[in-house]
Amino acid sequence: MKILVTGATGLVGSAVCARLAACGHDIICVVRPGKRPVEGTGCWVEVDVAKAVAPSAWLHHLEGMDAVVNCAGALQDGVTHNMAGVHTQGPGALFRACEQSGVRRVIHFSAIGVDRQQPSTFSRTKLSGDMALMETDLDWVILRPSVILGDAAFGSSALFRGLAALPFLPLMPSTGKLQVVQLDDVAETVLRLIDKTEPSKVSLEIVGPQALEFEEIVGRYRRWLGWRSAKRYLLPRPLASLLYWLGDIAGLLGWRPPVRSTAAMEIVRGAVGDPSEWIAATGIRPSSLDEALARRPVSVQERWFAKLYFLKPVTFVLLPIFWISTGIISLTSGFEQGVKLMVAGGAGSLAAPTVIAGALADIAIGCAIAIRRTARWGLYAAILLSLFYAAAGTAILPELWNEPLGPLTKIWPILVLHLVALAILEER
């Protein structure tokens, strides 16, 4: 079959593409502009689902297609995400285009519980997308998975690993139970339901066999990683609210932390459901978390990732603060001292402009690192500027190497931290 898959670079989309391609299907991966799918999964086309809100934007991509799998989704509105567009308007246009082009089979990913409660914009837009599909005459299947875990570490799957590495376990208040489901089972579901002879016009809850508390899931990951149980601490609501707010700020800067206000509203409901219709329709026996972890021997890269998970946000908070604060200090309390150093190095009348230029460059680099879209270029600029400072300092004031506080010597560990930040920048 020739199958169009939207959201093909996401956690679910990439797994679905790989599973379908492995079984001989011809996959066309729909990716956001600037993204690339995993090699070997098929051809790809760039489409911003949130902006493709008219059937005409999809019709030429549907030529020759036998089926469509819609895996596109977003947790919360942000710089690069528009939930109404990616959950409702874009998919609605895609579904209408399927009707016009004769593509009958559509598998659409929603989320568990959105048909029961809509505590957030995420739930409301997801349900609107579901309704848009159900109003068509297509052979549709709506999949409503619980929290999805698997080998790939992204979103909740990454968060559980990161929490498992902490010496103590901070618990958010008012969290419901979770019937986590394995990514392999989700991809297998699409493979079995993609055929036009399978049931249609059904909504299936895709949930695992165990209803677990949040801390139970973290505890299982911790045992799998080979670490003893950690002490648990329930965070006060004001502190939990602060963390969700900080997550929202990071989201506005283009980062995608799993701890945001949408998660706060959704997690109260939990993620539980009835898998019986799913099992009956596919014959899949969903794996429990214990079974899934038992099949995967823990590796050193898993331990590295878990321990680095919370060091990453710390790194990308401290580096912008470091660069911006040095620029501000150079323009304020440290300005006269900076000018004196430049004069002592022979800068003459250029001393003050040089200090100002360096300070503004520091601030610009800090701002660039703080914004996800420009973070990589900000890190490259920071490395180059640090090397320039080391070279210029050596040429103009070589005695700085002998200073007790080591202003030039400290450049080298700073460079290493920037290289580490570059190494862990990618989220998936």
# chains A, B, ... in the order shown; residues from 1 in each chain; ligands from 1
call {"tool": "residues_around", "arguments": {"residues": "Val190 in chain A", "least_positions_apart": "5", "cutoff": "9 Å", "atoms": "only C-alpha atoms", "output": "list of chain:residue names"}}
result
A:Val16, A:Arg19, A:Leu20, A:Val69, A:Ile107, A:Leu143, A:Asp185
call {"tool": "write_last_selection", "arguments": {"atoms": "all heavy atoms", "output": "short mmCIF file (atom, residue, chain, number, x, y, z; two decimals), in the first residue's frame"}}
result
data_model
loop_
_atom_site.label_atom_id
_atom_site.label_comp_id
_atom_site.auth_asym_id
_atom_site.auth_seq_id
_atom_site.Cartn_x
_atom_site.Cartn_y
_atom_site.Cartn_z
N VAL A 16 5.67 4.58 13.56
CA VAL A 16 4.68 4.07 12.60
C VAL A 16 5.30 3.94 11.21
O VAL A 16 5.13 2.92 10.53
CB VAL A 16 3.45 5.00 12.56
CG1 VAL A 16 2.57 4.70 11.36
CG2 VAL A 16 2.64 4.87 13.85
N ARG A 19 7.64 0.93 11.12
CA ARG A 19 6.94 -0.35 11.16
C ARG A 19 6.28 -0.64 9.81
O ARG A 19 6.34 -1.77 9.31
CB ARG A 19 5.89 -0.32 12.26
CG ARG A 19 5.23 -1.68 12.52
CD ARG A 19 6.17 -2.62 13.24
NE ARG A 19 5.58 -3.93 13.46
CZ ARG A 19 5.73 -4.97 12.65
NH1 ARG A 19 6.45 -4.83 11.53
NH2 ARG A 19 5.18 -6.13 12.92
N LEU A 20 5.63 0.35 9.23
CA LEU A 20 4.98 0.14 7.95
C LEU A 20 5.99 -0.12 6.84
O LEU A 20 5.79 -0.99 5.99
CB LEU A 20 4.13 1.37 7.59
CG LEU A 20 2.91 1.65 8.49
CD1 LEU A 20 2.26 2.98 8.12
CD2 LEU A 20 1.89 0.51 8.40
N VAL A 69 -2.35 8.14 7.56
CA VAL A 69 -2.21 8.01 9.02
C VAL A 69 -1.83 9.39 9.55
O VAL A 69 -0.76 9.92 9.20
CB VAL A 69 -1.15 6.97 9.42
CG1 VAL A 69 -1.09 6.85 10.94
CG2 VAL A 69 -1.44 5.62 8.78
N ILE A 107 -6.43 6.62 9.43
CA ILE A 107 -6.19 6.33 10.85
C ILE A 107 -5.70 7.61 11.49
O ILE A 107 -4.74 8.23 11.03
CB ILE A 107 -5.17 5.19 11.03
CG1 ILE A 107 -5.74 3.89 10.47
CG2 ILE A 107 -4.80 5.03 12.50
CD1 ILE A 107 -4.82 2.70 10.62
N LEU A 143 -7.63 6.45 17.07
CA LEU A 143 -6.87 5.81 18.13
C LEU A 143 -6.63 6.83 19.25
O LEU A 143 -6.13 7.93 18.99
CB LEU A 143 -5.53 5.30 17.60
CG LEU A 143 -5.60 4.32 16.43
CD1 LEU A 143 -4.20 3.88 16.02
CD2 LEU A 143 -6.46 3.11 16.77
N ASP A 185 3.51 -1.48 20.56
CA ASP A 185 2.11 -1.90 20.44
C ASP A 185 1.30 -0.89 19.63
O ASP A 185 0.39 -1.26 18.87
CB ASP A 185 1.49 -2.08 21.82
CG ASP A 185 2.04 -3.29 22.56
OD1 ASP A 185 2.57 -4.20 21.89
OD2 ASP A 185 1.95 -3.32 23.80
#
call {"tool": "select_by_dssp", "arguments": {"residues": "range 241-376 of chain A", "states": "alpha helix (DSSP H)", "output": "PyMOL selection string"}}
result
chain A and resi 241-252+261-269+276-282+289-294+300-309+311-331+335-344+351-370+375-376
call {"tool": "select_by_dssp", "arguments": {"residues": "range 188-304 of chain A", "states": "strand (DSSP E or B)", "output": "PyMOL selection string"}}
result
chain A and resi 202-206+212+231-234+271
call {"tool": "write_last_selection", "arguments": {"atoms": "N, CA, C and O atoms", "output": "PDB file, in the first residue's frame"}}
result
ATOM      1  N   VAL A 202     -14.599   3.399  13.980  1.00  0.00           N
ATOM      2  CA  VAL A 202     -14.478   2.991  15.383  1.00  0.00           C
ATOM      3  C   VAL A 202     -13.455   3.888  16.080  1.00  0.00           C
ATOM      4  O   VAL A 202     -12.506   4.370  15.462  1.00  0.00           O
ATOM      5  N   SER A 203     -13.680   4.092  17.367  1.00  0.00           N
ATOM      6  CA  SER A 203     -12.735   4.809  18.219  1.00  0.00           C
ATOM      7  C   SER A 203     -12.223   3.824  19.257  1.00  0.00           C
ATOM      8  O   SER A 203     -13.016   3.207  19.980  1.00  0.00           O
ATOM      9  N   LEU A 204     -10.904   3.672  19.331  1.00  0.00           N
ATOM     10  CA  LEU A 204     -10.302   2.665  20.206  1.00  0.00           C
ATOM     11  C   LEU A 204      -9.402   3.319  21.245  1.00  0.00           C
ATOM     12  O   LEU A 204      -8.581   4.180  20.914  1.00  0.00           O
ATOM     13  N   GLU A 205      -9.567   2.912  22.488  1.00  0.00           N
ATOM     14  CA  GLU A 205      -8.685   3.377  23.551  1.00  0.00           C
ATOM     15  C   GLU A 205      -7.466   2.455  23.606  1.00  0.00           C
ATOM     16  O   GLU A 205      -7.608   1.243  23.787  1.00  0.00           O
ATOM     17  N   ILE A 206      -6.287   3.037  23.453  1.00  0.00           N
ATOM     18  CA  ILE A 206      -5.039   2.280  23.399  1.00  0.00           C
ATOM     19  C   ILE A 206      -4.339   2.458  24.734  1.00  0.00           C
ATOM     20  O   ILE A 206      -3.630   3.460  24.963  1.00  0.00           O
ATOM     21  N   LEU A 212      -1.145   2.542  36.911  1.00  0.00           N
ATOM     22  CA  LEU A 212      -0.053   2.812  37.835  1.00  0.00           C
ATOM     23  C   LEU A 212      -0.054   4.266  38.286  1.00  0.00           C
ATOM     24  O   LEU A 212      -0.424   5.172  37.531  1.00  0.00           O
ATOM     25  N   LYS A 231      13.821   8.496  47.864  1.00  0.00           N
ATOM     26  CA  LYS A 231      12.819   9.079  48.742  1.00  0.00           C
ATOM     27  C   LYS A 231      11.867   9.951  47.935  1.00  0.00           C
ATOM     28  O   LYS A 231      12.253  10.583  46.964  1.00  0.00           O
ATOM     29  N   ARG A 232      10.616   9.979  48.334  1.00  0.00           N
ATOM     30  CA  ARG A 232       9.595  10.723  47.604  1.00  0.00           C
ATOM     31  C   ARG A 232       9.189  11.964  48.390  1.00  0.00           C
ATOM     32  O   ARG A 232       9.029  11.917  49.608  1.00  0.00           O
ATOM     33  N   TYR A 233       9.012  13.052  47.662  1.00  0.00           N
ATOM     34  CA  TYR A 233       8.605  14.313  48.283  1.00  0.00           C
ATOM     35  C   TYR A 233       7.481  14.927  47.455  1.00  0.00           C
ATOM     36  O   TYR A 233       7.635  15.144  46.254  1.00  0.00           O
ATOM     37  N   LEU A 234       6.368  15.189  48.094  1.00  0.00           N
ATOM     38  CA  LEU A 234       5.254  15.846  47.420  1.00  0.00           C
ATOM     39  C   LEU A 234       5.518  17.347  47.387  1.00  0.00           C
ATOM     40  O   LEU A 234       5.673  17.983  48.439  1.00  0.00           O
ATOM     41  N   ALA A 271      -4.702   9.037  32.773  1.00  0.00           N
ATOM     42  CA  ALA A 271      -4.775   8.484  31.416  1.00  0.00           C
ATOM     43  C   ALA A 271      -5.087   6.998  31.517  1.00  0.00           C
ATOM     44  O   ALA A 271      -4.215   6.142  31.420  1.00  0.00           O
TER      45      ALA A 271
END
call {"tool": "residues_around", "arguments": {"residues": "Val416 in chain A", "least_positions_apart": "5", "cutoff": "12 Å", "atoms": "only C-alpha atoms", "output": "CSV table (one decimal) with all heavy atoms, in the first residue's frame"}}
result
chain,number,residue,atom,x,y,z
A,315,THR,N,21.8,23.6,32.1
A,315,THR,CA,22.9,24.1,31.2
A,315,THR,C,22.3,25.3,30.4
A,315,THR,O,23.0,26.3,30.3
A,315,THR,CB,23.4,23.0,30.3
A,315,THR,OG1,24.0,22.0,31.1
A,315,THR,CG2,24.4,23.6,29.3
A,379,LEU,N,25.6,29.0,20.5
A,379,LEU,CA,26.7,28.2,21.0
A,379,LEU,C,27.9,28.3,20.2
A,379,LEU,O,29.0,28.4,20.7
A,379,LEU,CB,26.2,26.7,21.2
A,379,LEU,CG,25.1,26.5,22.3
A,379,LEU,CD1,24.6,25.1,22.2
A,379,LEU,CD2,25.7,26.7,23.7
A,382,ALA,N,29.4,31.6,20.8
A,382,ALA,CA,30.0,31.7,22.1
A,382,ALA,C,31.4,31.0,22.1
A,382,ALA,O,32.4,31.5,22.7
A,382,ALA,CB,29.1,31.0,23.1
A,383,ILE,N,31.5,29.9,21.4
A,383,ILE,CA,32.8,29.2,21.3
A,383,ILE,C,33.8,30.1,20.5
A,383,ILE,O,35.0,30.3,21.0
A,383,ILE,CB,32.6,27.9,20.6
A,383,ILE,CG1,31.8,26.9,21.5
A,383,ILE,CG2,34.0,27.2,20.2
A,383,ILE,CD1,31.4,25.6,20.8
A,386,SER,N,34.8,33.1,22.7
A,386,SER,CA,35.7,32.7,23.8
A,386,SER,C,37.1,32.5,23.3
A,386,SER,O,38.0,32.9,24.0
A,386,SER,CB,35.1,31.5,24.4
A,386,SER,OG,33.9,31.7,25.0
A,387,LEU,N,37.2,31.9,22.1
A,387,LEU,CA,38.6,31.7,21.6
A,387,LEU,C,39.2,33.0,21.2
A,387,LEU,O,40.4,33.2,21.4
A,387,LEU,CB,38.5,30.8,20.3
A,387,LEU,CG,38.1,29.3,20.6
A,387,LEU,CD1,37.9,28.6,19.3
A,387,LEU,CD2,39.2,28.6,21.4
A,410,LYS,N,40.0,30.1,32.8
A,410,LYS,CA,38.6,29.6,33.0
A,410,LYS,C,37.9,29.5,31.7
A,410,LYS,O,36.8,29.0,31.6
A,410,LYS,CB,37.9,30.5,33.9
A,410,LYS,CG,38.4,30.4,35.4
A,410,LYS,CD,37.7,31.4,36.3
A,410,LYS,CE,38.2,31.2,37.7
A,410,LYS,NZ,37.6,32.2,38.6
A,411,ILE,N,38.5,30.1,30.6
A,411,ILE,CA,37.8,30.0,29.3
A,411,ILE,C,37.7,28.6,28.8
A,411,ILE,O,36.7,28.2,28.2
A,411,ILE,CB,38.6,30.8,28.3
A,411,ILE,CG1,38.4,32.3,28.5
A,411,ILE,CG2,38.1,30.5,26.8
A,411,ILE,CD1,39.1,33.3,27.6
A,421,ALA,N,26.8,21.3,25.6
A,421,ALA,CA,25.5,21.8,25.3
A,421,ALA,C,25.2,21.5,23.8
A,421,ALA,O,24.0,21.1,23.5
A,421,ALA,CB,25.4,23.3,25.5
A,422,LEU,N,26.1,21.6,22.9
A,422,LEU,CA,25.9,21.3,21.5
A,422,LEU,C,25.6,19.8,21.4
A,422,LEU,O,24.7,19.4,20.6
A,422,LEU,CB,27.1,21.6,20.7
A,422,LEU,CG,27.3,23.1,20.3
A,422,LEU,CD1,28.6,23.3,19.6
A,422,LEU,CD2,26.2,23.5,19.3
A,423,ALA,N,26.3,19.0,22.1
A,423,ALA,CA,26.1,17.5,22.0
A,423,ALA,C,24.7,17.1,22.5
A,423,ALA,O,24.2,16.1,21.9
A,423,ALA,CB,27.2,16.8,22.8
call {"tool": "closest_atom_pairs", "arguments": {"of": "range 53-145 of chain A", "to": "range 257-270 of chain A", "cutoff": "12 Å", "atoms": "only C-alpha atoms", "output": "CSV"}}
result
residue,atom,partner,partner_atom,distance
A:Ala74,CA,A:Thr262,CA,10.6
A:Leu75,CA,A:Thr262,CA,7.0
A:Gln76,CA,A:Thr262,CA,6.4
A:Asp77,CA,A:Thr262,CA,9.4
A:Gly78,CA,A:Arg260,CA,11.2
A:Met83,CA,A:Thr262,CA,11.5
A:Ala111,CA,A:Glu266,CA,10.6
A:Ile112,CA,A:Gly270,CA,9.0
A:Gly113,CA,A:Arg269,CA,8.1
A:Val114,CA,A:Glu266,CA,9.7
A:Arg116,CA,A:Arg269,CA,9.8
A:Gln117,CA,A:Arg269,CA,8.0
A:Gln118,CA,A:Glu266,CA,8.4
A:Pro119,CA,A:Met265,CA,6.0
A:Ser120,CA,A:Thr262,CA,6.2
A:Thr121,CA,A:Thr262,CA,7.7
A:Phe122,CA,A:Thr262,CA,7.0
A:Ser123,CA,A:Glu266,CA,8.1
A:Arg124,CA,A:Glu266,CA,11.3
call {"tool": "residues_around", "arguments": {"residues": "Leu246 in chain A", "least_positions_apart": "4", "cutoff": "12 Å", "atoms": "only C-alpha atoms", "output": "number ranges by chain"}}
result
A: 239-242, 250-253, 255-261, 313, 317
call {"tool": "atom_distance", "arguments": {"atom1": "CA of Ser56 in chain A", "atom2": "CA of Asp26 in chain A"}}
result
22.9 Å
call {"tool": "residues_around", "arguments": {"residues": "Gly13 in chain A", "least_positions_apart": "3", "cutoff": "10 Å", "atoms": "only C-alpha atoms", "output": "compact mmCIF listing (two decimals) with all heavy atoms, in the first residue's frame"}}
result
# COMPACT_ATOMS: atom_id res chain seq x y z
N VAL A 5 1.82 9.57 5.82
CA VAL A 5 1.88 9.66 7.28
C VAL A 5 2.28 11.07 7.67
O VAL A 5 3.37 11.54 7.34
CB VAL A 5 2.90 8.65 7.86
CG1 VAL A 5 2.94 8.76 9.39
CG2 VAL A 5 2.55 7.23 7.45
N THR A 6 1.39 11.76 8.38
CA THR A 6 1.72 13.10 8.88
C THR A 6 2.38 12.98 10.25
O THR A 6 2.21 12.00 10.96
CB THR A 6 0.46 13.97 9.00
OG1 THR A 6 -0.40 13.41 9.99
CG2 THR A 6 -0.27 14.05 7.67
N GLY A 7 3.12 14.02 10.63
CA GLY A 7 3.84 13.97 11.91
C GLY A 7 4.89 12.89 11.92
O GLY A 7 5.14 12.25 12.95
N ALA A 8 5.55 12.70 10.78
CA ALA A 8 6.41 11.53 10.60
C ALA A 8 7.71 11.59 11.38
O ALA A 8 8.40 10.58 11.51
CB ALA A 8 6.73 11.35 9.11
N THR A 9 8.09 12.76 11.91
CA THR A 9 9.32 12.84 12.70
C THR A 9 9.04 12.78 14.20
O THR A 9 9.97 12.83 15.00
CB THR A 9 10.09 14.13 12.39
OG1 THR A 9 9.25 15.26 12.67
CG2 THR A 9 10.53 14.17 10.93
N GLY A 10 7.77 12.70 14.59
CA GLY A 10 7.44 12.64 16.00
C GLY A 10 7.69 11.26 16.59
O GLY A 10 8.04 10.30 15.89
N VAL A 16 5.67 4.58 13.56
CA VAL A 16 4.68 4.07 12.60
C VAL A 16 5.30 3.94 11.21
O VAL A 16 5.13 2.92 10.53
CB VAL A 16 3.45 5.00 12.56
CG1 VAL A 16 2.57 4.70 11.36
CG2 VAL A 16 2.64 4.87 13.85
N CYS A 17 6.05 4.96 10.79
CA CYS A 17 6.69 4.91 9.47
C CYS A 17 7.66 3.72 9.39
O CYS A 17 7.68 3.00 8.39
CB CYS A 17 7.44 6.21 9.21
SG CYS A 17 6.38 7.62 8.87
N ALA A 18 8.45 3.53 10.43
CA ALA A 18 9.42 2.44 10.43
C ALA A 18 8.74 1.08 10.37
O ALA A 18 9.17 0.18 9.64
CB ALA A 18 10.31 2.54 11.67
N ARG A 19 7.64 0.93 11.12
CA ARG A 19 6.94 -0.35 11.16
C ARG A 19 6.28 -0.64 9.81
O ARG A 19 6.34 -1.77 9.31
CB ARG A 19 5.89 -0.32 12.26
CG ARG A 19 5.23 -1.68 12.52
CD ARG A 19 6.17 -2.62 13.24
NE ARG A 19 5.58 -3.93 13.46
CZ ARG A 19 5.73 -4.97 12.65
NH1 ARG A 19 6.45 -4.83 11.53
NH2 ARG A 19 5.18 -6.13 12.92
N CYS A 29 6.32 10.40 3.93
CA CYS A 29 6.41 11.05 5.24
C CYS A 29 6.13 12.54 5.10
O CYS A 29 6.83 13.24 4.37
CB CYS A 29 7.78 10.85 5.86
SG CYS A 29 8.29 9.12 6.06
N VAL A 30 5.14 13.03 5.81
CA VAL A 30 4.86 14.47 5.85
C VAL A 30 5.58 15.05 7.06
O VAL A 30 5.32 14.65 8.20
CB VAL A 30 3.34 14.73 5.95
CG1 VAL A 30 3.08 16.23 6.09
CG2 VAL A 30 2.63 14.18 4.73
N VAL A 31 6.49 15.98 6.80
CA VAL A 31 7.29 16.57 7.87
C VAL A 31 7.15 18.08 7.84
O VAL A 31 6.84 18.68 6.81
CB VAL A 31 8.78 16.17 7.73
CG1 VAL A 31 8.93 14.66 7.76
CG2 VAL A 31 9.39 16.74 6.45
N PRO A 37 12.79 13.04 7.97
CA PRO A 37 12.42 11.75 8.58
C PRO A 37 13.63 10.85 8.70
O PRO A 37 14.71 11.14 8.17
CB PRO A 37 11.41 11.19 7.59
CG PRO A 37 11.83 11.75 6.27
CD PRO A 37 12.37 13.13 6.56
N VAL A 69 -2.35 8.14 7.56
CA VAL A 69 -2.21 8.01 9.02
C VAL A 69 -1.83 9.39 9.55
O VAL A 69 -0.76 9.92 9.20
CB VAL A 69 -1.15 6.97 9.42
CG1 VAL A 69 -1.09 6.85 10.94
CG2 VAL A 69 -1.44 5.62 8.78
N ASN A 70 -2.68 9.97 10.38
CA ASN A 70 -2.42 11.30 10.92
C ASN A 70 -1.85 11.19 12.33
O ASN A 70 -2.58 10.89 13.28
CB ASN A 70 -3.70 12.15 10.94
CG ASN A 70 -3.45 13.52 11.54
OD1 ASN A 70 -2.39 14.11 11.33
ND2 ASN A 70 -4.41 14.02 12.29
N CYS A 71 -0.55 11.44 12.45
CA CYS A 71 0.14 11.38 13.75
C CYS A 71 0.54 12.77 14.24
O CYS A 71 1.24 12.88 15.26
CB CYS A 71 1.39 10.53 13.65
SG CYS A 71 1.14 8.85 13.07
N ALA A 72 0.13 13.82 13.54
CA ALA A 72 0.55 15.17 13.91
C ALA A 72 -0.10 15.59 15.23
O ALA A 72 -1.27 15.30 15.49
CB ALA A 72 0.17 16.16 12.81
N GLY A 73 0.68 16.27 16.07
CA GLY A 73 0.14 16.72 17.34
C GLY A 73 1.11 17.65 18.05
O GLY A 73 2.28 17.73 17.71
N PHE A 109 -4.70 9.76 15.06
CA PHE A 109 -4.30 9.69 16.47
C PHE A 109 -4.89 10.86 17.25
O PHE A 109 -4.66 12.03 16.93
CB PHE A 109 -2.78 9.71 16.59
CG PHE A 109 -2.16 8.35 16.45
CD1 PHE A 109 -1.79 7.88 15.20
CD2 PHE A 109 -1.97 7.53 17.55
CE1 PHE A 109 -1.24 6.62 15.04
CE2 PHE A 109 -1.42 6.27 17.42
CZ PHE A 109 -1.05 5.81 16.17
N ALA A 187 2.51 1.14 17.21
CA ALA A 187 2.89 1.01 15.80
C ALA A 187 2.29 -0.26 15.19
O ALA A 187 1.83 -0.25 14.04
CB ALA A 187 4.41 0.99 15.68
call {"tool": "residues_around", "arguments": {"residues": "range 391-400 of chain A", "least_positions_apart": "3", "cutoff": "6 Å", "atoms": "only C-alpha atoms", "output": "ChimeraX atom specification"}}
result
/A:345,388,403
call {"tool": "write_last_selection", "arguments": {"atoms": "N, CA and C atoms", "output": "PDB file, in the first residue's frame"}}
result
ATOM      1  N   GLY A 345      46.348  47.753  27.577  1.00  0.00           N
ATOM      2  CA  GLY A 345      46.761  46.901  26.464  1.00  0.00           C
ATOM      3  C   GLY A 345      47.047  47.665  25.189  1.00  0.00           C
ATOM      4  N   PHE A 388      38.355  33.939  20.687  1.00  0.00           N
ATOM      5  CA  PHE A 388      38.861  35.283  20.365  1.00  0.00           C
ATOM      6  C   PHE A 388      39.322  35.996  21.627  1.00  0.00           C
ATOM      7  N   GLU A 403      46.991  35.824  36.591  1.00  0.00           N
ATOM      8  CA  GLU A 403      46.062  36.350  37.593  1.00  0.00           C
ATOM      9  C   GLU A 403      45.592  35.227  38.519  1.00  0.00           C
TER      10      GLU A 403
END
call {"tool": "residues_around", "arguments": {"residues": "range 339-344 of chain A", "least_positions_apart": "3", "cutoff": "10 Å", "atoms": "only C-alpha atoms", "output": "list in words"}}
result
Ser330, Gly334, Phe335, Glu336, Ala347, Gly348, Ser349, Leu350, Ala351, Ala352, Pro353, Thr354, Val355, Ile356, Gly393, Ile396 and Leu397 of chain A
call {"tool": "write_last_selection", "arguments": {"atoms": "N, CA and C atoms", "output": "PDB file, in the first residue's frame"}}
result
ATOM      1  N   SER A 330      29.705  44.388  32.203  1.00  0.00           N
ATOM      2  CA  SER A 330      30.680  45.156  31.417  1.00  0.00           C
ATOM      3  C   SER A 330      30.161  46.544  31.068  1.00  0.00           C
ATOM      4  N   GLY A 334      31.345  47.150  35.846  1.00  0.00           N
ATOM      5  CA  GLY A 334      32.683  46.771  35.403  1.00  0.00           C
ATOM      6  C   GLY A 334      33.195  47.568  34.228  1.00  0.00           C
ATOM      7  N   PHE A 335      32.445  48.617  33.836  1.00  0.00           N
ATOM      8  CA  PHE A 335      32.831  49.353  32.621  1.00  0.00           C
ATOM      9  C   PHE A 335      34.185  50.051  32.771  1.00  0.00           C
ATOM     10  N   GLU A 336      34.368  50.767  33.874  1.00  0.00           N
ATOM     11  CA  GLU A 336      35.628  51.518  34.053  1.00  0.00           C
ATOM     12  C   GLU A 336      36.828  50.575  34.119  1.00  0.00           C
ATOM     13  N   ALA A 347      44.817  49.994  23.631  1.00  0.00           N
ATOM     14  CA  ALA A 347      43.668  50.261  22.764  1.00  0.00           C
ATOM     15  C   ALA A 347      43.427  51.738  22.536  1.00  0.00           C
ATOM     16  N   GLY A 348      43.920  52.588  23.439  1.00  0.00           N
ATOM     17  CA  GLY A 348      43.792  54.031  23.281  1.00  0.00           C
ATOM     18  C   GLY A 348      42.344  54.475  23.245  1.00  0.00           C
ATOM     19  N   SER A 349      41.994  55.288  22.240  1.00  0.00           N
ATOM     20  CA  SER A 349      40.646  55.841  22.134  1.00  0.00           C
ATOM     21  C   SER A 349      39.594  54.787  21.801  1.00  0.00           C
ATOM     22  N   LEU A 350      40.045  53.605  21.373  1.00  0.00           N
ATOM     23  CA  LEU A 350      39.109  52.531  21.048  1.00  0.00           C
ATOM     24  C   LEU A 350      38.728  51.689  22.269  1.00  0.00           C
ATOM     25  N   ALA A 351      39.285  52.045  23.427  1.00  0.00           N
ATOM     26  CA  ALA A 351      39.062  51.228  24.621  1.00  0.00           C
ATOM     27  C   ALA A 351      37.582  51.143  24.981  1.00  0.00           C
ATOM     28  N   ALA A 352      36.908  52.301  25.103  1.00  0.00           N
ATOM     29  CA  ALA A 352      35.493  52.300  25.500  1.00  0.00           C
ATOM     30  C   ALA A 352      34.608  51.643  24.446  1.00  0.00           C
ATOM     31  N   PRO A 353      34.748  51.986  23.145  1.00  0.00           N
ATOM     32  CA  PRO A 353      33.920  51.298  22.143  1.00  0.00           C
ATOM     33  C   PRO A 353      34.143  49.789  22.109  1.00  0.00           C
ATOM     34  N   THR A 354      35.396  49.362  22.358  1.00  0.00           N
ATOM     35  CA  THR A 354      35.683  47.931  22.358  1.00  0.00           C
ATOM     36  C   THR A 354      34.965  47.225  23.502  1.00  0.00           C
ATOM     37  N   VAL A 355      34.976  47.829  24.688  1.00  0.00           N
ATOM     38  CA  VAL A 355      34.276  47.240  25.839  1.00  0.00           C
ATOM     39  C   VAL A 355      32.775  47.171  25.560  1.00  0.00           C
ATOM     40  N   ILE A 356      32.222  48.234  24.990  1.00  0.00           N
ATOM     41  CA  ILE A 356      30.785  48.254  24.686  1.00  0.00           C
ATOM     42  C   ILE A 356      30.438  47.186  23.653  1.00  0.00           C
ATOM     43  N   GLY A 393      43.319  38.375  24.610  1.00  0.00           N
ATOM     44  CA  GLY A 393      43.877  38.576  25.938  1.00  0.00           C
ATOM     45  C   GLY A 393      45.343  38.200  26.006  1.00  0.00           C
ATOM     46  N   ILE A 396      47.268  41.032  24.024  1.00  0.00           N
ATOM     47  CA  ILE A 396      47.248  42.383  24.586  1.00  0.00           C
ATOM     48  C   ILE A 396      47.739  42.414  26.023  1.00  0.00           C
ATOM     49  N   LEU A 397      47.231  41.484  26.842  1.00  0.00           N
ATOM     50  CA  LEU A 397      47.590  41.442  28.269  1.00  0.00           C
ATOM     51  C   LEU A 397      47.945  40.017  28.676  1.00  0.00           C
TER      52      LEU A 397
END
call {"tool": "closest_residue", "arguments": {"among": "A:Pro145, A:Gly219, A:Lys196, A:Gly226", "to": "Asp274 in chain A", "atoms": "only C-alpha atoms"}}
result
A:Pro145
call {"tool": "closest_residue", "arguments": {"among": "A:Arg105, A:Gln337, A:Cys23, A:Gly92", "to": "Glu135 in chain A", "atoms": "only C-alpha atoms"}}
result
A:Gly92
call {"tool": "atom_distance", "arguments": {"atom1": "CA of Leu308 in chain A", "atom2": "CA of Ser14 in chain A"}}
result
23.6 Å
call {"tool": "atom_distance", "arguments": {"atom1": "CA of Val45 in chain A", "atom2": "CA of Leu191 in chain A"}}
result
21.5 Å
call {"tool": "closest_residue", "arguments": {"among": "A:Ser174, A:Ser200, A:Gln182, A:Thr326", "to": "Val141 in chain A", "atoms": "only C-alpha atoms"}}
result
A:Ser200
call {"tool": "closest_residue", "arguments": {"among": "A:Gly129, A:Gly327, A:Pro320, A:Pro55", "to": "His87 in chain A", "atoms": "only C-alpha atoms"}}
result
A:Gly129
call {"tool": "closest_residue", "arguments": {"among": "A:Glu302, A:Phe160, A:Thr409, A:Asp48", "to": "Asn82 in chain A", "atoms": "only C-alpha atoms"}}
result
A:Asp48
